[in-house]
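**Q** Got a structure for you, written out below as C-alpha cells; questions coming shortly.
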Amino acid sequence: MKYPVILFLAFACSTAPEQDVQKISNAELVELMKNPDVQLVDIRTPDEVAEGFIKGARKIDFYSNDFLTQMDELDKDKPLAIYCRSGGRSGKAVAKLSTFGFKKIYDISGGFSGWQAGGYPIANR
C-alpha cells in the first residue's frame, strides 16, 4: 500500500508550478529589451539610481517598506527583468518573488555595474 502513496506524492510534487528564473548577460538583456512586454525593474536605492540607470527601467527600491507590494502590482504574465548594483540584491529579490506567480524572471548578471563597465548606454532622467 505504501507504493501507491509514494507514486502519488512523486506525481503531485512533479506537477507543482516551477519558477522560471534565468541569469542573463548584458548582451542578452539588449536582445530581450526588443520585446515590448518585458518589464525592466531597477531595485537600487534612489541615491544609486541618481548615478544613472538603464533606459526604460521602473525604479522600485529593494529596501523600501513597500517593495513587495510594488512588485506584486507588476503583470505576472509578462517577463520581468531585474537588476541592482552588482547582482546581490537581485538574487535576493528573485528568491522573495518566487511565490508571486511571475511566469518568467530574468536576473541580469553583474547588475548596473556590469552594464556600465560594458559600455552600454546609461540614462540619467
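So you can find residues: chains in the C-alpha cells are A, B, ... in the order shown, residues in each start at 1, and ligands are numbered from 1 in order.
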If we count only C-alpha atoms and set the cut-off at 10 Å, which residues sit around Met33 in chain A, ignoring sequence neighbours fewer than 6 positions away in its own chain? Please answer as a VMD selection string.

**A** chain A and resid 39 to 40 56 81

**Q** DSSP says strand (DSSP E or B) for which residues of chain A? Put them as a VMD selection string?

**A** chain A and resid 21 to 24 39 to 42 53 58 to 59 80 to 83 105 to 108 123

**Q** In terms of the shortest atom-to-atom distance over only C-alpha atoms, which of A:Arg125, A:Lys96, A:Arg89, A:Lys23 is closest to Arg58 in chain A?

**A**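 Among the listed residues, A:Arg125 lies closest to Arg58 in chain A.
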
**Q** Extract, using only C-alpha atoms, all DNA, RNA and protein residues at most 12 Å from Gly87 in chain A, discarding same-chain residues fewer than 4 positions from it, and format them as a PDB file with N, CA and C atoms, in the first residue's frame.

**A**
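Once everything was written out, this is selection36.pdb:
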```
ATOM      1  N   LYS A  23      19.461  33.672 -15.335  1.00  0.00           N
ATOM      2  CA  LYS A  23      20.503  34.697 -15.288  1.00  0.00           C
ATOM      3  C   LYS A  23      20.860  35.026 -16.721  1.00  0.00           C
ATOM      4  N   ILE A  24      20.946  36.316 -17.040  1.00  0.00           N
ATOM      5  CA  ILE A  24      21.298  36.708 -18.399  1.00  0.00           C
ATOM      6  C   ILE A  24      22.414  37.747 -18.403  1.00  0.00           C
ATOM      7  N   SER A  25      23.113  37.813 -19.509  1.00  0.00           N
ATOM      8  CA  SER A  25      24.195  38.779 -19.688  1.00  0.00           C
ATOM      9  C   SER A  25      23.628  40.109 -20.196  1.00  0.00           C
ATOM     10  N   ASP A  42      14.667  48.282 -11.871  1.00  0.00           N
ATOM     11  CA  ASP A  42      15.892  48.653 -11.165  1.00  0.00           C
ATOM     12  C   ASP A  42      15.554  48.677  -9.684  1.00  0.00           C
ATOM     13  N   ILE A  43      16.199  47.826  -8.895  1.00  0.00           N
ATOM     14  CA  ILE A  43      15.850  47.743  -7.471  1.00  0.00           C
ATOM     15  C   ILE A  43      16.881  48.430  -6.575  1.00  0.00           C
ATOM     16  N   ARG A  44      17.677  49.318  -7.153  1.00  0.00           N
ATOM     17  CA  ARG A  44      18.658  50.049  -6.349  1.00  0.00           C
ATOM     18  C   ARG A  44      17.996  51.191  -5.578  1.00  0.00           C
ATOM     19  N   ILE A  82      15.236  42.041 -13.884  1.00  0.00           N
ATOM     20  CA  ILE A  82      15.516  42.773 -12.651  1.00  0.00           C
ATOM     21  C   ILE A  82      17.026  42.941 -12.468  1.00  0.00           C
ATOM     22  N   TYR A  83      17.416  44.125 -11.980  1.00  0.00           N
ATOM     23  CA  TYR A  83      18.836  44.346 -11.704  1.00  0.00           C
ATOM     24  C   TYR A  83      19.024  45.252 -10.496  1.00  0.00           C
ATOM     25  N   GLY A  91      19.454  38.827  -6.738  1.00  0.00           N
ATOM     26  CA  GLY A  91      19.329  37.421  -6.369  1.00  0.00           C
ATOM     27  C   GLY A  91      18.398  37.239  -5.181  1.00  0.00           C
ATOM     28  N   LYS A  92      18.508  38.123  -4.188  1.00  0.00           N
ATOM     29  CA  LYS A  92      17.617  38.073  -3.025  1.00  0.00           C
ATOM     30  C   LYS A  92      16.179  38.394  -3.425  1.00  0.00           C
ATOM     31  N   ALA A  93      16.028  39.360  -4.325  1.00  0.00           N
ATOM     32  CA  ALA A  93      14.685  39.742  -4.776  1.00  0.00           C
ATOM     33  C   ALA A  93      14.018  38.591  -5.518  1.00  0.00           C
ATOM     34  N   VAL A  94      14.778  37.922  -6.371  1.00  0.00           N
ATOM     35  CA  VAL A  94      14.234  36.782  -7.116  1.00  0.00           C
ATOM     36  C   VAL A  94      13.745  35.717  -6.134  1.00  0.00           C
ATOM     37  N   TYR A 106      14.072  37.306 -15.326  1.00  0.00           N
ATOM     38  CA  TYR A 106      15.463  37.372 -15.764  1.00  0.00           C
ATOM     39  C   TYR A 106      16.248  38.182 -14.733  1.00  0.00           C
ATOM     40  N   ASP A 107      17.356  37.651 -14.283  1.00  0.00           N
ATOM     41  CA  ASP A 107      18.244  38.312 -13.330  1.00  0.00           C
ATOM     42  C   ASP A 107      19.492  38.710 -14.111  1.00  0.00           C
ATOM     43  N   ILE A 108      19.749  40.016 -14.220  1.00  0.00           N
ATOM     44  CA  ILE A 108      20.857  40.493 -15.046  1.00  0.00           C
ATOM     45  C   ILE A 108      22.177  40.334 -14.297  1.00  0.00           C
ATOM     46  N   SER A 109      23.049  39.508 -14.843  1.00  0.00           N
ATOM     47  CA  SER A 109      24.364  39.252 -14.245  1.00  0.00           C
ATOM     48  C   SER A 109      25.179  40.537 -14.187  1.00  0.00           C
ATOM     49  N   GLY A 110      25.806  40.782 -13.047  1.00  0.00           N
ATOM     50  CA  GLY A 110      26.663  41.953 -12.896  1.00  0.00           C
ATOM     51  C   GLY A 110      25.930  43.240 -12.588  1.00  0.00           C
ATOM     52  N   GLY A 111      24.604  43.220 -12.691  1.00  0.00           N
ATOM     53  CA  GLY A 111      23.802  44.389 -12.367  1.00  0.00           C
ATOM     54  C   GLY A 111      24.190  45.633 -13.141  1.00  0.00           C
ATOM     55  N   PHE A 112      23.887  46.789 -12.557  1.00  0.00           N
ATOM     56  CA  PHE A 112      24.172  48.059 -13.218  1.00  0.00           C
ATOM     57  C   PHE A 112      25.668  48.279 -13.384  1.00  0.00           C
ATOM     58  N   SER A 113      26.466  47.838 -12.426  1.00  0.00           N
ATOM     59  CA  SER A 113      27.926  47.989 -12.534  1.00  0.00           C
ATOM     60  C   SER A 113      28.447  47.273 -13.770  1.00  0.00           C
ATOM     61  N   GLY A 114      27.950  46.070 -14.015  1.00  0.00           N
ATOM     62  CA  GLY A 114      28.353  45.321 -15.198  1.00  0.00           C
ATOM     63  C   GLY A 114      27.893  45.993 -16.477  1.00  0.00           C
ATOM     64  N   TRP A 115      26.673  46.534 -16.447  1.00  0.00           N
ATOM     65  CA  TRP A 115      26.125  47.254 -17.595  1.00  0.00           C
ATOM     66  C   TRP A 115      27.015  48.452 -17.917  1.00  0.00           C
TER      67      TRP A 115
END
```

**Q** Taking into account only C-alpha atoms, which residue in the set A:Val21, A:Val49, A:Ile60, A:Ala123 is nearest to Glu73 in chain A?

**A**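 For Glu73 in chain A, the nearest of the given residues is A:Ile60.
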
**Q** Could you pull the residues within 12 Å of Ser64 in chain A, counting only C-alpha atoms, minus those fewer than 5 positions along the same chain, as a PyMOL selection string?

**A** chain A and resi 43-46+59+69-71

**Q** What separation in Å, quoted to one decimal, exists between CA of Ser90 in chain A and CA of Phe62 in chain A?

**A**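 Distance reported for this atom pair: 8.5 Å.
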
**Q** For Pro79 in chain A, please output as a list in words all residues within 12 Å (counting only C-alpha atoms; exclusion window: fewer than 5 positions along the same chain).

**A**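 Here the answer would be Gln19, Asp20, Val21, Gln22, Leu29, Leu32, Met33, Asn35, Pro36, Asp37, Val38, Gln39, Leu40, Val41, Leu74, Gly101, Phe102, Lys103, Lys104, Ile105, Tyr106 and Asp107 of chain A.
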
**Q** Apply DSSP to the backbone of this structure and, from chain A, keep only the residues in alpha helix (DSSP H); write these as a ChimeraX atom specification.

**A** /A:2-14,26-32,46-49,67-72,88-97,111-117

**Q** Print the selection's residues with C-alpha atoms to a file, as an mmCIF file, in the first residue's frame.

**A**
```cif
data_model
loop_
_atom_site.group_PDB
_atom_site.id
_atom_site.type_symbol
_atom_site.label_atom_id
_atom_site.label_comp_id
_atom_site.auth_asym_id
_atom_site.auth_seq_id
_atom_site.Cartn_x
_atom_site.Cartn_y
_atom_site.Cartn_z
ATOM 1 C CA LYS A 2 2.886 2.393 0.591
ATOM 2 C CA TYR A 3 3.935 2.319 -3.097
ATOM 3 C CA PRO A 4 0.764 3.977 -4.456
ATOM 4 C CA VAL A 5 1.198 6.717 -1.851
ATOM 5 C CA ILE A 6 4.808 7.254 -2.914
ATOM 6 C CA LEU A 7 3.778 7.382 -6.571
ATOM 7 C CA PHE A 8 1.028 9.865 -5.759
ATOM 8 C CA LEU A 9 3.445 12.105 -3.829
ATOM 9 C CA ALA A 10 6.032 11.946 -6.593
ATOM 10 C CA PHE A 11 3.426 12.890 -9.199
ATOM 11 C CA ALA A 12 1.965 15.659 -7.047
ATOM 12 C CA CYS A 13 5.392 17.185 -6.471
ATOM 13 C CA SER A 14 6.364 16.964 -10.124
ATOM 14 C CA ASN A 26 24.087 42.404 -20.803
ATOM 15 C CA ALA A 27 24.040 41.351 -24.458
ATOM 16 C CA GLU A 28 21.087 39.062 -23.750
ATOM 17 C CA LEU A 29 19.302 41.933 -21.988
ATOM 18 C CA VAL A 30 19.759 44.142 -25.061
ATOM 19 C CA GLU A 31 18.043 41.467 -27.162
ATOM 20 C CA LEU A 32 15.372 40.874 -24.527
ATOM 21 C CA PRO A 46 17.300 56.388 -5.074
ATOM 22 C CA ASP A 47 20.898 57.549 -4.463
ATOM 23 C CA GLU A 48 22.218 54.751 -6.671
ATOM 24 C CA VAL A 49 19.629 55.456 -9.373
ATOM 25 C CA PHE A 67 8.960 46.717 -2.146
ATOM 26 C CA LEU A 68 6.912 43.516 -2.309
ATOM 27 C CA THR A 69 3.658 45.457 -2.697
ATOM 28 C CA GLN A 70 5.068 47.399 -5.646
ATOM 29 C CA MET A 71 6.469 44.230 -7.238
ATOM 30 C CA ASP A 72 3.127 42.491 -6.784
ATOM 31 C CA GLY A 88 23.450 40.519 -4.891
ATOM 32 C CA ARG A 89 20.135 42.217 -4.204
ATOM 33 C CA SER A 90 18.574 40.997 -7.425
ATOM 34 C CA GLY A 91 19.329 37.421 -6.369
ATOM 35 C CA LYS A 92 17.617 38.073 -3.025
ATOM 36 C CA ALA A 93 14.685 39.742 -4.776
ATOM 37 C CA VAL A 94 14.234 36.782 -7.116
ATOM 38 C CA ALA A 95 14.094 34.494 -4.076
ATOM 39 C CA LYS A 96 11.437 36.714 -2.472
ATOM 40 C CA LEU A 97 9.439 36.864 -5.698
ATOM 41 C CA GLY A 111 23.802 44.389 -12.367
ATOM 42 C CA PHE A 112 24.172 48.059 -13.218
ATOM 43 C CA SER A 113 27.926 47.989 -12.534
ATOM 44 C CA GLY A 114 28.353 45.321 -15.198
ATOM 45 C CA TRP A 115 26.125 47.254 -17.595
ATOM 46 C CA GLN A 116 28.184 50.403 -17.037
ATOM 47 C CA ALA A 117 31.533 48.592 -17.305
#
```

**Q** Find the distance between CA of Cys84 in chain A and CA of Ser98 in chain A and write it in Å to one decimal.

**A**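 Value for the CA of Cys84 in chain A-CA of Ser98 in chain A distance: 17.3 Å.
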